[in-house]
Amino acid sequence: MNASGSNTTAYSSSSKQPARPPSGSRRYSVLLPTYNERQNLPIITWLLVKAFEEAKLDYEIIIIDDNSPDNTIEVARQLQKTFGEDRILLRPRPGKLGLGTAYMHGIQSATGDFVFIMDADMSHHPQFIPAFVRKQMEGNYDVVTGTRYAHGGGVHGWNLRRKLTSRGANFLADTLLTPGVSDLTGSFRLYKKDALAAMIRATKSKGYVFQMEMMVRARQMGFKIGEVPITFVDRVFGESKLGADEIVGYLKGVWNLFLDI
């Protein structure tokens with residue numbers, strides 16, 4: 001049972017595939033911000049296509065590349081040729097302008113009724129997408145957020161320091177902000193499109209605090225939030241973008257958000 005009292009459980013590639021959720025006329029947009037994800041992008045895109053098509057869900061993948069030095073956008077163009085312009089949309093930007101603005105940039109092109117946000121580095125496996133969809137339909141949730149810290153969730157590939165840092169960050173934010181979710185710093189989520197747009201407009205933070213503030217604002221605005229357990233896997237290719245500057249920025253952001261709410 002997860003933190004919100006549901007028996008929704010995630011599945012792995014070695015377990016029996018759950019029943020396909022009914023799709024009806026629902027369409028799902030995936031916002032995929034990228035920066036130096038040349039190696040990861042083809043794999044995550046293939047996994048997304050596989051997950052949506054196996055679940056018989058209508059979808060589009062919107063790639064928002066911030067002028068990556070490794071030329072991620074060229075890989076994105078090849079993926080668009082492979083899967084089609086109706087499935088892969090390219091919305092590049094001239095440079096790194098922040099995660100919140102990347103989502104706002106992408107959502108302007110989204111044709112879906114619902115929007116997934118996730119990382120492009122394969123930390124968030126698309127195999128959990130059907131669980132998000134079922135959970136949203138169960139309770140007509142405005143937001144369904146993936147959690148590493150409910151029963152059935154977890155983390156693979158992190159050392160003890162990284163695990164303690166994540167736990168500490170969540171504990172601090174939960175104590176100061178009382179958001180009512182078990183994994184405040186997670187970034188694998190499903191939103192109703194209108195709800196996501198409203199939350200982005202209300203959110204002031206940038207960087208790693210952005211995702212956390214989104215949940216705080218969701219509660220303030222009265223949106224209904226559900227949780228689904230996920231397994232987070234550390235990136236295979238490339239380097240983590242979490243460093244000392246990001247940790248200091250997170251601490252400052254939590255404190256500023258505490259003062260603001």
# chains A, B, ... in the order shown; residues from 1 in each chain; ligands from 1
>>> residues_around(residues="stretch 24-33 of chain A", least_positions_apart="5", cutoff="7 Å", atoms="only C-alpha atoms", output="number ranges by chain")
A: 58-65, 102-103, 106, 110-120
>>> write_last_selection(atoms="N, CA and C atoms", output="mmCIF file, in the first residue's frame")
data_model
loop_
_atom_site.group_PDB
_atom_site.id
_atom_site.type_symbol
_atom_site.label_atom_id
_atom_site.label_comp_id
_atom_site.auth_asym_id
_atom_site.auth_seq_id
_atom_site.Cartn_x
_atom_site.Cartn_y
_atom_site.Cartn_z
ATOM 1 N N ASP A 58 -2.373 7.281 -26.269
ATOM 2 C CA ASP A 58 -1.987 8.284 -27.245
ATOM 3 C C ASP A 58 -0.975 9.222 -26.582
ATOM 4 N N TYR A 59 0.057 9.622 -27.312
ATOM 5 C CA TYR A 59 1.147 10.349 -26.669
ATOM 6 C C TYR A 59 1.922 11.217 -27.649
ATOM 7 N N GLU A 60 2.703 12.122 -27.073
ATOM 8 C CA GLU A 60 3.716 12.885 -27.790
ATOM 9 C C GLU A 60 4.860 13.151 -26.819
ATOM 10 N N ILE A 61 6.064 13.272 -27.337
ATOM 11 C CA ILE A 61 7.250 13.531 -26.525
ATOM 12 C C ILE A 61 7.842 14.860 -26.978
ATOM 13 N N ILE A 62 7.894 15.819 -26.072
ATOM 14 C CA ILE A 62 8.379 17.159 -26.403
ATOM 15 C C ILE A 62 9.768 17.327 -25.792
ATOM 16 N N ILE A 63 10.774 17.433 -26.652
ATOM 17 C CA ILE A 63 12.165 17.549 -26.214
ATOM 18 C C ILE A 63 12.553 19.019 -26.190
ATOM 19 N N ILE A 64 12.933 19.493 -25.002
ATOM 20 C CA ILE A 64 13.318 20.895 -24.815
ATOM 21 C C ILE A 64 14.807 20.912 -24.511
ATOM 22 N N ASP A 65 15.613 21.101 -25.530
ATOM 23 C CA ASP A 65 17.067 21.084 -25.349
ATOM 24 C C ASP A 65 17.612 22.492 -25.205
ATOM 25 N N ALA A 102 11.654 25.900 -18.838
ATOM 26 C CA ALA A 102 11.670 24.805 -19.811
ATOM 27 C C ALA A 102 10.303 24.137 -19.882
ATOM 28 N N TYR A 103 9.694 23.905 -18.725
ATOM 29 C CA TYR A 103 8.363 23.299 -18.713
ATOM 30 C C TYR A 103 7.329 24.233 -19.333
ATOM 31 N N GLY A 106 7.732 24.137 -23.019
ATOM 32 C CA GLY A 106 7.221 22.905 -23.601
ATOM 33 C C GLY A 106 5.710 22.805 -23.574
ATOM 34 N N ALA A 110 2.198 21.567 -26.033
ATOM 35 C CA ALA A 110 1.585 20.296 -25.659
ATOM 36 C C ALA A 110 0.134 20.233 -26.117
ATOM 37 N N THR A 111 -0.222 19.149 -26.776
ATOM 38 C CA THR A 111 -1.596 18.946 -27.215
ATOM 39 C C THR A 111 -2.325 17.941 -26.327
ATOM 40 N N GLY A 112 -1.637 17.385 -25.353
ATOM 41 C CA GLY A 112 -2.241 16.405 -24.470
ATOM 42 C C GLY A 112 -3.116 17.040 -23.399
ATOM 43 N N ASP A 113 -4.037 16.233 -22.869
ATOM 44 C CA ASP A 113 -4.854 16.655 -21.726
ATOM 45 C C ASP A 113 -4.070 16.497 -20.429
ATOM 46 N N PHE A 114 -3.067 15.626 -20.471
ATOM 47 C CA PHE A 114 -2.247 15.321 -19.304
ATOM 48 C C PHE A 114 -0.780 15.426 -19.699
ATOM 49 N N VAL A 115 0.048 15.793 -18.719
ATOM 50 C CA VAL A 115 1.464 16.031 -18.999
ATOM 51 C C VAL A 115 2.327 15.265 -18.012
ATOM 52 N N PHE A 116 3.233 14.460 -18.529
ATOM 53 C CA PHE A 116 4.271 13.839 -17.713
ATOM 54 C C PHE A 116 5.501 14.735 -17.708
ATOM 55 N N ILE A 117 6.111 14.904 -16.536
ATOM 56 C CA ILE A 117 7.442 15.484 -16.468
ATOM 57 C C ILE A 117 8.369 14.432 -15.882
ATOM 58 N N MET A 118 9.564 14.344 -16.434
ATOM 59 C CA MET A 118 10.514 13.332 -15.990
ATOM 60 C C MET A 118 11.908 13.719 -16.463
ATOM 61 N N ASP A 119 12.910 13.039 -15.920
ATOM 62 C CA ASP A 119 14.288 13.287 -16.315
ATOM 63 C C ASP A 119 14.631 12.468 -17.560
ATOM 64 N N ALA A 120 15.527 13.003 -18.370
ATOM 65 C CA ALA A 120 15.923 12.319 -19.600
ATOM 66 C C ALA A 120 17.092 11.366 -19.395
#
>>> residues_around(residues="A:Val133", least_positions_apart="3", cutoff="8 Å", atoms="only C-alpha atoms", output="PyMOL selection string")
chain A and resi 21+129-130+136-137+190
>>> closest_atom_pairs(of="stretch 84-139 of chain A", to="stretch 214-223 of chain A", cutoff="12 Å", atoms="only C-alpha atoms", output="tab-separated table")
residue	atom	partner	partner_atom	distance
A:Leu99	CA	A:Met214	CA	11.7
A:Gly100	CA	A:Met214	CA	9.6
A:Tyr103	CA	A:Met214	CA	11.9
A:Gly139	CA	A:Phe223	CA	11.9
>>> write_last_selection(atoms="N, CA and C atoms", output="PDB file, in the first residue's frame")
ATOM      1  N   LEU A  99      14.639  25.244 -15.145  1.00  0.00           N
ATOM      2  CA  LEU A  99      13.724  24.123 -15.341  1.00  0.00           C
ATOM      3  C   LEU A  99      12.277  24.588 -15.493  1.00  0.00           C
ATOM      4  N   GLY A 100      11.872  25.550 -14.672  1.00  0.00           N
ATOM      5  CA  GLY A 100      10.501  26.038 -14.743  1.00  0.00           C
ATOM      6  C   GLY A 100      10.167  26.625 -16.093  1.00  0.00           C
ATOM      7  N   TYR A 103       9.694  23.905 -18.725  1.00  0.00           N
ATOM      8  CA  TYR A 103       8.363  23.299 -18.713  1.00  0.00           C
ATOM      9  C   TYR A 103       7.329  24.233 -19.333  1.00  0.00           C
ATOM     10  N   GLY A 139      -8.646   8.327  -8.799  1.00  0.00           N
ATOM     11  CA  GLY A 139      -9.120   9.400  -7.939  1.00  0.00           C
ATOM     12  C   GLY A 139      -9.300  10.730  -8.632  1.00  0.00           C
TER      13      GLY A 139
END
>>> residues_around(residues="A:Lys224", least_positions_apart="2", cutoff="7 Å", atoms="only C-alpha atoms", output="PyMOL selection string")
chain A and resi 141-143+222+226
>>> write_last_selection(atoms="N, CA, C and O atoms", output="PDB file, in the first residue's frame")
ATOM      1  N   TYR A 141      -7.098  12.587  -9.911  1.00  0.00           N
ATOM      2  CA  TYR A 141      -6.097  13.462  -9.296  1.00  0.00           C
ATOM      3  C   TYR A 141      -5.629  14.537 -10.274  1.00  0.00           C
ATOM      4  O   TYR A 141      -5.525  14.300 -11.481  1.00  0.00           O
ATOM      5  N   ASP A 142      -5.336  15.711  -9.727  1.00  0.00           N
ATOM      6  CA  ASP A 142      -4.727  16.781 -10.521  1.00  0.00           C
ATOM      7  C   ASP A 142      -3.237  16.535 -10.728  1.00  0.00           C
ATOM      8  O   ASP A 142      -2.672  16.935 -11.743  1.00  0.00           O
ATOM      9  N   VAL A 143      -2.629  15.872  -9.737  1.00  0.00           N
ATOM     10  CA  VAL A 143      -1.203  15.551  -9.778  1.00  0.00           C
ATOM     11  C   VAL A 143      -1.009  14.139  -9.252  1.00  0.00           C
ATOM     12  O   VAL A 143      -1.595  13.766  -8.232  1.00  0.00           O
ATOM     13  N   GLY A 222      -5.196  23.945  -3.652  1.00  0.00           N
ATOM     14  CA  GLY A 222      -6.288  22.999  -3.484  1.00  0.00           C
ATOM     15  C   GLY A 222      -6.318  21.867  -4.482  1.00  0.00           C
ATOM     16  O   GLY A 222      -7.359  21.202  -4.637  1.00  0.00           O
ATOM     17  N   GLY A 226      -2.048  12.532  -5.701  1.00  0.00           N
ATOM     18  CA  GLY A 226      -1.872  11.118  -5.422  1.00  0.00           C
ATOM     19  C   GLY A 226      -0.414  10.727  -5.569  1.00  0.00           C
ATOM     20  O   GLY A 226       0.382  11.463  -6.152  1.00  0.00           O
TER      21      GLY A 226
END
>>> select_by_dssp(residues="stretch 33-190 of chain A", states="helix (DSSP H, G or I)", output="MDAnalysis selection string")
chainID A and resid 41:54 72:83 99:107 126:139 160:177
>>> atom_distance(atom1="atom CA of A:Ser123", atom2="atom CA of A:Ala76")
18.8 Å
>>> select_by_dssp(residues="stretch 56-241 of chain A", states="strand (DSSP E)", output="PyMOL selection string")
chain A and resi 58-65+88-90+114-117+143-147+154-156+189-192+225-229+231-233
>>> closest_residue(among="A:His125, A:Asn40, A:Glu53, A:Leu89", to="A:Thr72", atoms="only C-alpha atoms")
A:Asn40
